[in-house]
There are 2 protein chains.
Amino acid sequence: MAEYTCSTEQIAQAVRMYDGVRRKSEIGAMVRDLRIDSQEVIASFGEDAAVIRNHNDALLLAADGIWSKLMDADPYWAGYCSVLVNVHDIAAMGGKPLAMVDIFSISDITIRDLVIQGMHDASRQFGVPIVGGHLHPDTPYSVIDVAILGIAPIDGVIYSNTAQVGDTILVAIDLHGRVHPSCVLNWDSATLRSAEEVRSQIAVMQEIGTKKLVTAAKDISNPGLLGTLGMLLEVSGKGAKVDLEKIPKPDLLANNISFDHWIRMYPGMGFILTLKSEKIDLVKELFEKTGMTVAPIGTVDNSNELTIHYQNSSSRVFDFSKDGGVMHLGSYT
Amino acid sequence: MAEYTCSTEQIAQAVRMYDGVRRKSEIGAMVRDLRIDSQEVIASFGEDAAVIRNHNDALLLAADGIWSKLMDADPYWAGYCSVLVNVHDIAAMGGKPLAMVDIFSISDITIRDLVIQGMHDASRQFGVPIVGGHLHPDTPYSVIDVAILGIAPIDGVIYSNTAQVGDTILVAIDLHGRVHPSCVLNWDSATLRSAEEVRSQIAVMQEIGTKKLVTAAKDISNPGLLGTLGMLLEVSGKGAKVDLEKIPKPDLLANNISFDHWIRMYPGMGFILTLKSEKIDLVKELFEKTGMTVAPIGTVDNSNELTIHYQNSSSRVFDFSKDGGVMHLGSYT
């Protein structure tokens, strides 16, 4: 198969050296400096969204920004993604996204209007209103950042640091998509879907949370599929073996991308989940109803390493036992 | 009195032309483009924080950023203020601040560490944890933006668009402060107060909300005292007459500032409130217990204009009936 001409070592290195992974390493020290204790905060740094207790509800709060290189390449798509990535953060926790605020630094009016159009379209498609924010109208740069509020039942929250040894690792991803014309590292499925379809995909995670079908999950974000799995394993204090052949993928030749490119892409809708094997069928069914593809790709172990396998070769991608690990992480994305 | 050498017209013009006021005017069109309907969103643009209904709770969501000129002048103070302004946004609505997320674009490590120190100190002083966020580590600029989640009883929320004709306009402000050494437009009271003191000042607004003591309120922010009052009047569809002599002020000579400078300053703790006259004494007492100074400065009317008076002269600051008004506004700050 043409798409497997890379060796496992080449793939491991491609993941490790990927900008989306490497830039996470700055975050560790910052996080330590900012932490203060609060009784109401159940989880914060290390999760896709922070969890704040309010009676029987978990209030979920997250923030995400858009790389300036994406803003330069395609302001409309940057605006769209600024909403998408935040909706993903809430979905990953099993939450319902309620509302967003944005912070917009902009001087160029043409860029501004395109970004707003993208935000508006995504906001309407996902049904999550933008309710306020802050505008810096006179900056020498263009940045769009969005923060989001979501909600979940307190006992229905899905965390990322709770993967257990022996769990199956499941990937759920929407393969019905395209390499985005403005950004080769974005696998765009969302704009090809109706509002009803994307909302049903997001809602699956809420059902999974409420029914306690998984032990841990994360949305696949900038670090890509294996990078995201690495983050989940690291905060869980676990390791895993992954079989590259089992990773769901679109027609790579038709889309003119290599396998190592695919696993570094940010998908329009994609989650990594860990779960007990008896729950696989039900979770698979829920996602497949919404048009997503689901596959078990490996098993959680106590190795503190993420190792990839392909036929007779294998390579270590991350060694989490090493000082500083690979990435820090999570709600600080 | 030396501090009143300005004419009312000079003061009116100083407020109108102030950058903190003028830069609000960009916001109107953006807001219209972003709005989508949602049943759970009770209030959004036009308020200091958006109000999202969750059973009997109002979830309050706001975002605020720091001017790049402040970041250039004093990164520590910029970090401190990024927390302060967000806490003000929740307090203005009668809410309890619960948690914040930050979005940080930074390349210079020295600046980063100073900003984080400032955020950390303010977060600890006000008792509001930073629970996550997003880091852009490789940007050619330095920006700090913060979003905040707060909560209030649904019937204890204080709005800014509900001022009524005949209401007294009250200013509550902490005069125990100093012109901040790095920024002449910041009246810094918060860093001179203990954690207990600033938290009690914030808590007064919660008590006012729960006891329904005011008809409307806003925190005094970048547009200064009269600019903030203008925003409140505009969204309320009202006007007002204000007596400049009644505006509380520190010793202007000792602080080496003019009166028109004072009324454009961002105070460490300051609110504009409108209320029925029979509530004045109780509200005054609540604020004064926390060391703040309270004074009635004028009356809400149906003129659609903000007019300032001093002795025998008077001038119009804003005419809200004119197309586009003066400022838009509010949660889009």
# chains A, B, ... in the order shown; residues from 1 in each chain; ligands from 1
$ residues_around --residues "Gly65 in chain B" --least-positions-apart "6" --cutoff "8 Å" --atoms "only C-alpha atoms" --output "compact mmCIF listing (two decimals) with all heavy atoms, in the first residue's frame"
# COMPACT_ATOMS: atom_id res chain seq x y z
N ILE A 103 -12.75 37.11 21.65
CA ILE A 103 -11.85 38.25 21.81
C ILE A 103 -11.10 38.41 20.50
O ILE A 103 -10.43 37.49 20.04
CB ILE A 103 -10.88 38.06 22.98
CG1 ILE A 103 -11.68 37.88 24.27
CG2 ILE A 103 -9.96 39.25 23.09
CD1 ILE A 103 -11.04 36.98 25.25
N HIS A 134 -14.87 40.84 23.41
CA HIS A 134 -14.04 42.03 23.50
C HIS A 134 -13.40 42.27 22.15
O HIS A 134 -12.92 41.34 21.52
CB HIS A 134 -12.97 41.84 24.57
CG HIS A 134 -12.14 43.06 24.78
ND1 HIS A 134 -12.52 44.09 25.60
CD2 HIS A 134 -10.95 43.43 24.25
CE1 HIS A 134 -11.60 45.04 25.58
NE2 HIS A 134 -10.64 44.65 24.76
N LEU A 135 -13.42 43.51 21.73
CA LEU A 135 -12.79 43.87 20.46
C LEU A 135 -11.61 44.81 20.70
O LEU A 135 -11.75 45.83 21.37
CB LEU A 135 -13.82 44.58 19.57
CG LEU A 135 -13.29 45.15 18.24
CD1 LEU A 135 -12.95 44.03 17.27
CD2 LEU A 135 -14.29 46.11 17.64
N HIS A 136 -10.46 44.40 20.20
CA HIS A 136 -9.33 45.34 20.11
C HIS A 136 -9.31 45.82 18.66
O HIS A 136 -8.84 45.10 17.78
CB HIS A 136 -7.99 44.63 20.35
CG HIS A 136 -7.83 43.98 21.69
ND1 HIS A 136 -7.47 44.67 22.82
CD2 HIS A 136 -7.92 42.69 22.08
CE1 HIS A 136 -7.36 43.83 23.84
NE2 HIS A 136 -7.64 42.62 23.42
N SER B 82 -5.90 42.22 33.64
CA SER B 82 -6.68 41.27 32.83
C SER B 82 -7.64 40.49 33.72
O SER B 82 -8.73 40.10 33.29
CB SER B 82 -5.75 40.33 32.06
OG SER B 82 -5.11 39.40 32.92
N VAL B 143 -0.29 39.54 23.69
CA VAL B 143 -1.67 39.90 24.04
C VAL B 143 -2.13 38.99 25.17
O VAL B 143 -1.86 37.79 25.15
CB VAL B 143 -2.65 39.66 22.87
CG1 VAL B 143 -4.03 40.25 23.20
CG2 VAL B 143 -2.13 40.26 21.58
N ILE B 144 -2.84 39.56 26.15
CA ILE B 144 -3.46 38.73 27.17
C ILE B 144 -4.97 39.03 27.20
O ILE B 144 -5.38 40.17 27.31
CB ILE B 144 -2.83 38.93 28.57
CG1 ILE B 144 -3.53 38.05 29.60
CG2 ILE B 144 -2.82 40.38 29.01
CD1 ILE B 144 -3.30 36.58 29.42
N ASP B 145 -5.74 37.97 27.01
CA ASP B 145 -7.19 38.08 27.05
C ASP B 145 -7.70 37.10 28.08
O ASP B 145 -7.14 36.02 28.23
CB ASP B 145 -7.79 37.74 25.68
CG ASP B 145 -7.40 38.74 24.60
OD1 ASP B 145 -7.43 39.95 24.88
OD2 ASP B 145 -7.07 38.31 23.50
N VAL B 146 -8.75 37.47 28.77
CA VAL B 146 -9.31 36.59 29.80
C VAL B 146 -10.83 36.52 29.63
O VAL B 146 -11.47 37.52 29.29
CB VAL B 146 -8.95 37.12 31.22
CG1 VAL B 146 -9.68 36.32 32.30
CG2 VAL B 146 -7.45 37.05 31.45
$ residues_around --residues "Lys249 in chain B" --least-positions-apart "2" --cutoff "12 Å" --atoms "only C-alpha atoms" --output "number ranges by chain"
B: 3, 171-178, 187, 225, 244-247, 251-255, 257-265, 267, 270, 292-295, 297
$ select_by_dssp --residues "range 205-247 of chain A" --states "alpha helix (DSSP H)" --output "VMD selection string"
chain A and resid 205 to 210 224 to 236
$ write_last_selection --atoms "N, CA and C atoms" --output "mmCIF file, in the first residue's frame"
data_model
loop_
_atom_site.group_PDB
_atom_site.id
_atom_site.type_symbol
_atom_site.label_atom_id
_atom_site.label_comp_id
_atom_site.auth_asym_id
_atom_site.auth_seq_id
_atom_site.Cartn_x
_atom_site.Cartn_y
_atom_site.Cartn_z
ATOM 1 N N MET A 205 -21.445 12.478 22.280
ATOM 2 C CA MET A 205 -20.550 12.534 23.447
ATOM 3 C C MET A 205 -21.335 12.784 24.732
ATOM 4 N N GLN A 206 -22.424 13.565 24.638
ATOM 5 C CA GLN A 206 -23.256 13.783 25.833
ATOM 6 C C GLN A 206 -23.897 12.467 26.283
ATOM 7 N N GLU A 207 -24.374 11.684 25.313
ATOM 8 C CA GLU A 207 -25.004 10.405 25.655
ATOM 9 C C GLU A 207 -23.971 9.452 26.265
ATOM 10 N N ILE A 208 -22.783 9.437 25.687
ATOM 11 C CA ILE A 208 -21.704 8.582 26.207
ATOM 12 C C ILE A 208 -21.367 8.959 27.644
ATOM 13 N N GLY A 209 -21.357 10.278 27.914
ATOM 14 C CA GLY A 209 -21.054 10.745 29.271
ATOM 15 C C GLY A 209 -22.140 10.334 30.251
ATOM 16 N N THR A 210 -23.379 10.615 29.891
ATOM 17 C CA THR A 210 -24.493 10.332 30.798
ATOM 18 C C THR A 210 -24.594 8.840 31.085
ATOM 19 N N GLY A 224 -2.985 16.269 16.467
ATOM 20 C CA GLY A 224 -3.361 15.135 15.615
ATOM 21 C C GLY A 224 -3.761 13.923 16.428
ATOM 22 N N LEU A 225 -4.074 12.852 15.720
ATOM 23 C CA LEU A 225 -4.627 11.660 16.345
ATOM 24 C C LEU A 225 -3.683 11.044 17.379
ATOM 25 N N LEU A 226 -2.426 10.795 16.997
ATOM 26 C CA LEU A 226 -1.497 10.165 17.950
ATOM 27 C C LEU A 226 -1.025 11.154 19.013
ATOM 28 N N GLY A 227 -0.872 12.416 18.626
ATOM 29 C CA GLY A 227 -0.488 13.434 19.603
ATOM 30 C C GLY A 227 -1.560 13.587 20.675
ATOM 31 N N THR A 228 -2.812 13.579 20.262
ATOM 32 C CA THR A 228 -3.925 13.687 21.212
ATOM 33 C C THR A 228 -3.982 12.464 22.120
ATOM 34 N N LEU A 229 -3.804 11.292 21.539
ATOM 35 C CA LEU A 229 -3.748 10.084 22.363
ATOM 36 C C LEU A 229 -2.597 10.178 23.367
ATOM 37 N N GLY A 230 -1.479 10.712 22.915
ATOM 38 C CA GLY A 230 -0.342 10.896 23.820
ATOM 39 C C GLY A 230 -0.706 11.763 25.014
ATOM 40 N N MET A 231 -1.449 12.840 24.764
ATOM 41 C CA MET A 231 -1.860 13.729 25.852
ATOM 42 C C MET A 231 -2.764 12.990 26.838
ATOM 43 N N LEU A 232 -3.700 12.235 26.311
ATOM 44 C CA LEU A 232 -4.619 11.476 27.160
ATOM 45 C C LEU A 232 -3.858 10.470 28.028
ATOM 46 N N LEU A 233 -2.914 9.767 27.404
ATOM 47 C CA LEU A 233 -2.150 8.765 28.155
ATOM 48 C C LEU A 233 -1.277 9.429 29.209
ATOM 49 N N GLU A 234 -0.675 10.541 28.838
ATOM 50 C CA GLU A 234 0.234 11.192 29.783
ATOM 51 C C GLU A 234 -0.506 11.646 31.039
ATOM 52 N N VAL A 235 -1.659 12.335 30.868
ATOM 53 C CA VAL A 235 -2.383 12.787 32.065
ATOM 54 C C VAL A 235 -2.988 11.620 32.833
ATOM 55 N N SER A 236 -3.212 10.495 32.146
ATOM 56 C CA SER A 236 -3.733 9.304 32.833
ATOM 57 C C SER A 236 -2.624 8.504 33.508
#
$ residues_around --residues "Arg193 in chain B" --least-positions-apart "2" --cutoff "12 Å" --atoms "only C-alpha atoms" --output "PyMOL selection string"
chain B and resi 122+125-126+174-178+188-191+195-201+268-269+290-292
$ closest_residue --among "B:Asp72, B:Asp219, B:Asp89, B:Asp57" --to "Asp155 in chain B" --atoms "only C-alpha atoms"
B:Asp57
$ residues_around --residues "Gln39 in chain A" --least-positions-apart "6" --cutoff "12 Å" --atoms "only C-alpha atoms" --output "list in words"
Val51, Ile52, Arg53 and Asn54 of chain A; Leu98, Ala99, Gly127, Val128 and Pro129 of chain B
$ residues_around --residues "Ile148 in chain B" --least-positions-apart "2" --cutoff "9 Å" --atoms "only C-alpha atoms" --output "ChimeraX atom specification"
/A:61,147 /B:49,60-64,83,86-87,89-90,97-102,130,146,150
$ decode --residues "range 34-82 of chain B" --atoms "N, CA and C atoms" --output "compact mmCIF listing (two decimals), in the first residue's frame"
# COMPACT_ATOMS: atom_id res chain seq x y z
N LEU B 34 -23.03 39.00 14.42
CA LEU B 34 -22.76 37.79 15.19
C LEU B 34 -23.98 37.22 15.89
N ARG B 35 -25.02 38.02 16.02
CA ARG B 35 -26.14 37.60 16.87
C ARG B 35 -26.90 36.41 16.26
N ILE B 36 -27.11 35.36 17.03
CA ILE B 36 -28.08 34.34 16.65
C ILE B 36 -28.99 34.11 17.85
N ASP B 37 -30.19 33.63 17.61
CA ASP B 37 -31.15 33.49 18.70
C ASP B 37 -30.89 32.22 19.51
N SER B 38 -31.16 32.28 20.77
CA SER B 38 -31.07 31.12 21.64
C SER B 38 -31.98 31.35 22.84
N GLN B 39 -32.78 30.34 23.13
CA GLN B 39 -33.74 30.49 24.22
C GLN B 39 -33.10 30.70 25.57
N GLU B 40 -31.95 30.05 25.76
CA GLU B 40 -31.33 30.11 27.09
C GLU B 40 -30.61 31.43 27.36
N VAL B 41 -30.36 32.20 26.29
CA VAL B 41 -29.60 33.44 26.46
C VAL B 41 -30.58 34.59 26.73
N ILE B 42 -30.55 35.08 27.95
CA ILE B 42 -31.48 36.13 28.37
C ILE B 42 -30.96 37.50 27.97
N ALA B 43 -29.66 37.69 28.04
CA ALA B 43 -29.07 38.97 27.67
C ALA B 43 -27.67 38.68 27.14
N SER B 44 -27.24 39.48 26.19
CA SER B 44 -25.90 39.24 25.66
C SER B 44 -25.23 40.57 25.38
N PHE B 45 -25.09 40.94 24.13
CA PHE B 45 -24.41 42.18 23.80
C PHE B 45 -25.13 43.36 24.45
N GLY B 46 -24.37 44.28 24.99
CA GLY B 46 -24.96 45.43 25.64
C GLY B 46 -24.86 45.33 27.15
N GLU B 47 -24.53 44.15 27.66
CA GLU B 47 -24.34 43.98 29.11
C GLU B 47 -22.86 43.70 29.40
N ASP B 48 -22.46 43.93 30.63
CA ASP B 48 -21.07 43.67 31.01
C ASP B 48 -20.75 42.19 30.92
N ALA B 49 -21.76 41.35 31.15
CA ALA B 49 -21.61 39.91 30.94
C ALA B 49 -22.90 39.39 30.33
N ALA B 50 -22.79 38.34 29.54
CA ALA B 50 -23.99 37.71 28.99
C ALA B 50 -24.65 36.89 30.09
N VAL B 51 -25.97 36.72 29.98
CA VAL B 51 -26.75 36.00 30.99
C VAL B 51 -27.37 34.78 30.34
N ILE B 52 -27.01 33.61 30.84
CA ILE B 52 -27.51 32.35 30.29
C ILE B 52 -28.28 31.63 31.40
N ARG B 53 -29.51 31.32 31.11
CA ARG B 53 -30.36 30.71 32.13
C ARG B 53 -30.01 29.23 32.32
N ASN B 54 -29.89 28.81 33.58
CA ASN B 54 -29.73 27.40 33.90
C ASN B 54 -30.57 27.14 35.16
N HIS B 55 -31.79 26.63 34.97
CA HIS B 55 -32.73 26.49 36.08
C HIS B 55 -32.93 27.86 36.75
N ASN B 56 -32.67 27.94 38.06
CA ASN B 56 -32.85 29.21 38.75
C ASN B 56 -31.58 30.04 38.84
N ASP B 57 -30.55 29.58 38.17
CA ASP B 57 -29.30 30.32 38.16
C ASP B 57 -29.14 31.10 36.86
N ALA B 58 -28.50 32.22 36.98
CA ALA B 58 -28.03 32.93 35.79
C ALA B 58 -26.53 32.66 35.69
N LEU B 59 -26.11 32.02 34.60
CA LEU B 59 -24.68 31.87 34.35
C LEU B 59 -24.23 33.12 33.61
N LEU B 60 -23.16 33.71 34.09
CA LEU B 60 -22.67 34.97 33.52
C LEU B 60 -21.35 34.70 32.80
N LEU B 61 -21.26 35.13 31.57
CA LEU B 61 -20.07 34.87 30.78
C LEU B 61 -19.60 36.18 30.14
N ALA B 62 -18.33 36.48 30.34
CA ALA B 62 -17.79 37.73 29.80
C ALA B 62 -16.35 37.51 29.36
N ALA B 63 -15.87 38.39 28.54
CA ALA B 63 -14.47 38.34 28.13
C ALA B 63 -13.95 39.75 28.02
N ASP B 64 -12.71 39.91 28.34
CA ASP B 64 -12.12 41.24 28.27
C ASP B 64 -10.64 41.11 27.95
N GLY B 65 -10.15 42.04 27.21
CA GLY B 65 -8.74 42.02 26.85
C GLY B 65 -8.05 43.28 27.32
N ILE B 66 -6.76 43.23 27.23
CA ILE B 66 -5.94 44.34 27.71
C ILE B 66 -5.33 45.07 26.52
N TRP B 67 -5.46 46.39 26.52
CA TRP B 67 -4.87 47.20 25.47
C TRP B 67 -3.39 46.89 25.34
N SER B 68 -2.93 46.81 24.11
CA SER B 68 -1.51 46.50 23.91
C SER B 68 -0.62 47.60 24.47
N LYS B 69 -1.13 48.83 24.54
CA LYS B 69 -0.29 49.89 25.09
C LYS B 69 0.00 49.66 26.59
N LEU B 70 -0.95 49.02 27.28
CA LEU B 70 -0.72 48.71 28.69
C LEU B 70 0.29 47.57 28.82
N MET B 71 0.16 46.59 27.93
CA MET B 71 1.12 45.47 27.90
C MET B 71 2.54 45.98 27.65
N ASP B 72 2.66 46.93 26.76
CA ASP B 72 3.98 47.50 26.47
C ASP B 72 4.53 48.26 27.68
N ALA B 73 3.63 48.96 28.37
CA ALA B 73 4.08 49.82 29.47
C ALA B 73 4.47 49.03 30.71
N ASP B 74 3.70 47.99 31.04
CA ASP B 74 3.91 47.29 32.31
C ASP B 74 3.25 45.91 32.26
N PRO B 75 4.00 44.89 31.86
CA PRO B 75 3.40 43.55 31.71
C PRO B 75 2.78 43.02 33.00
N TYR B 76 3.40 43.28 34.15
CA TYR B 76 2.83 42.80 35.41
C TYR B 76 1.44 43.40 35.62
N TRP B 77 1.37 44.70 35.44
CA TRP B 77 0.11 45.42 35.64
C TRP B 77 -0.94 45.00 34.61
N ALA B 78 -0.49 44.72 33.39
CA ALA B 78 -1.40 44.23 32.35
C ALA B 78 -2.00 42.89 32.78
N GLY B 79 -1.17 42.00 33.33
CA GLY B 79 -1.66 40.71 33.82
C GLY B 79 -2.64 40.89 34.97
N TYR B 80 -2.29 41.78 35.89
CA TYR B 80 -3.16 42.06 37.03
C TYR B 80 -4.52 42.57 36.54
N CYS B 81 -4.46 43.54 35.62
CA CYS B 81 -5.70 44.16 35.12
C CYS B 81 -6.54 43.18 34.31
N SER B 82 -5.90 42.22 33.64
CA SER B 82 -6.68 41.27 32.83
C SER B 82 -7.64 40.49 33.72
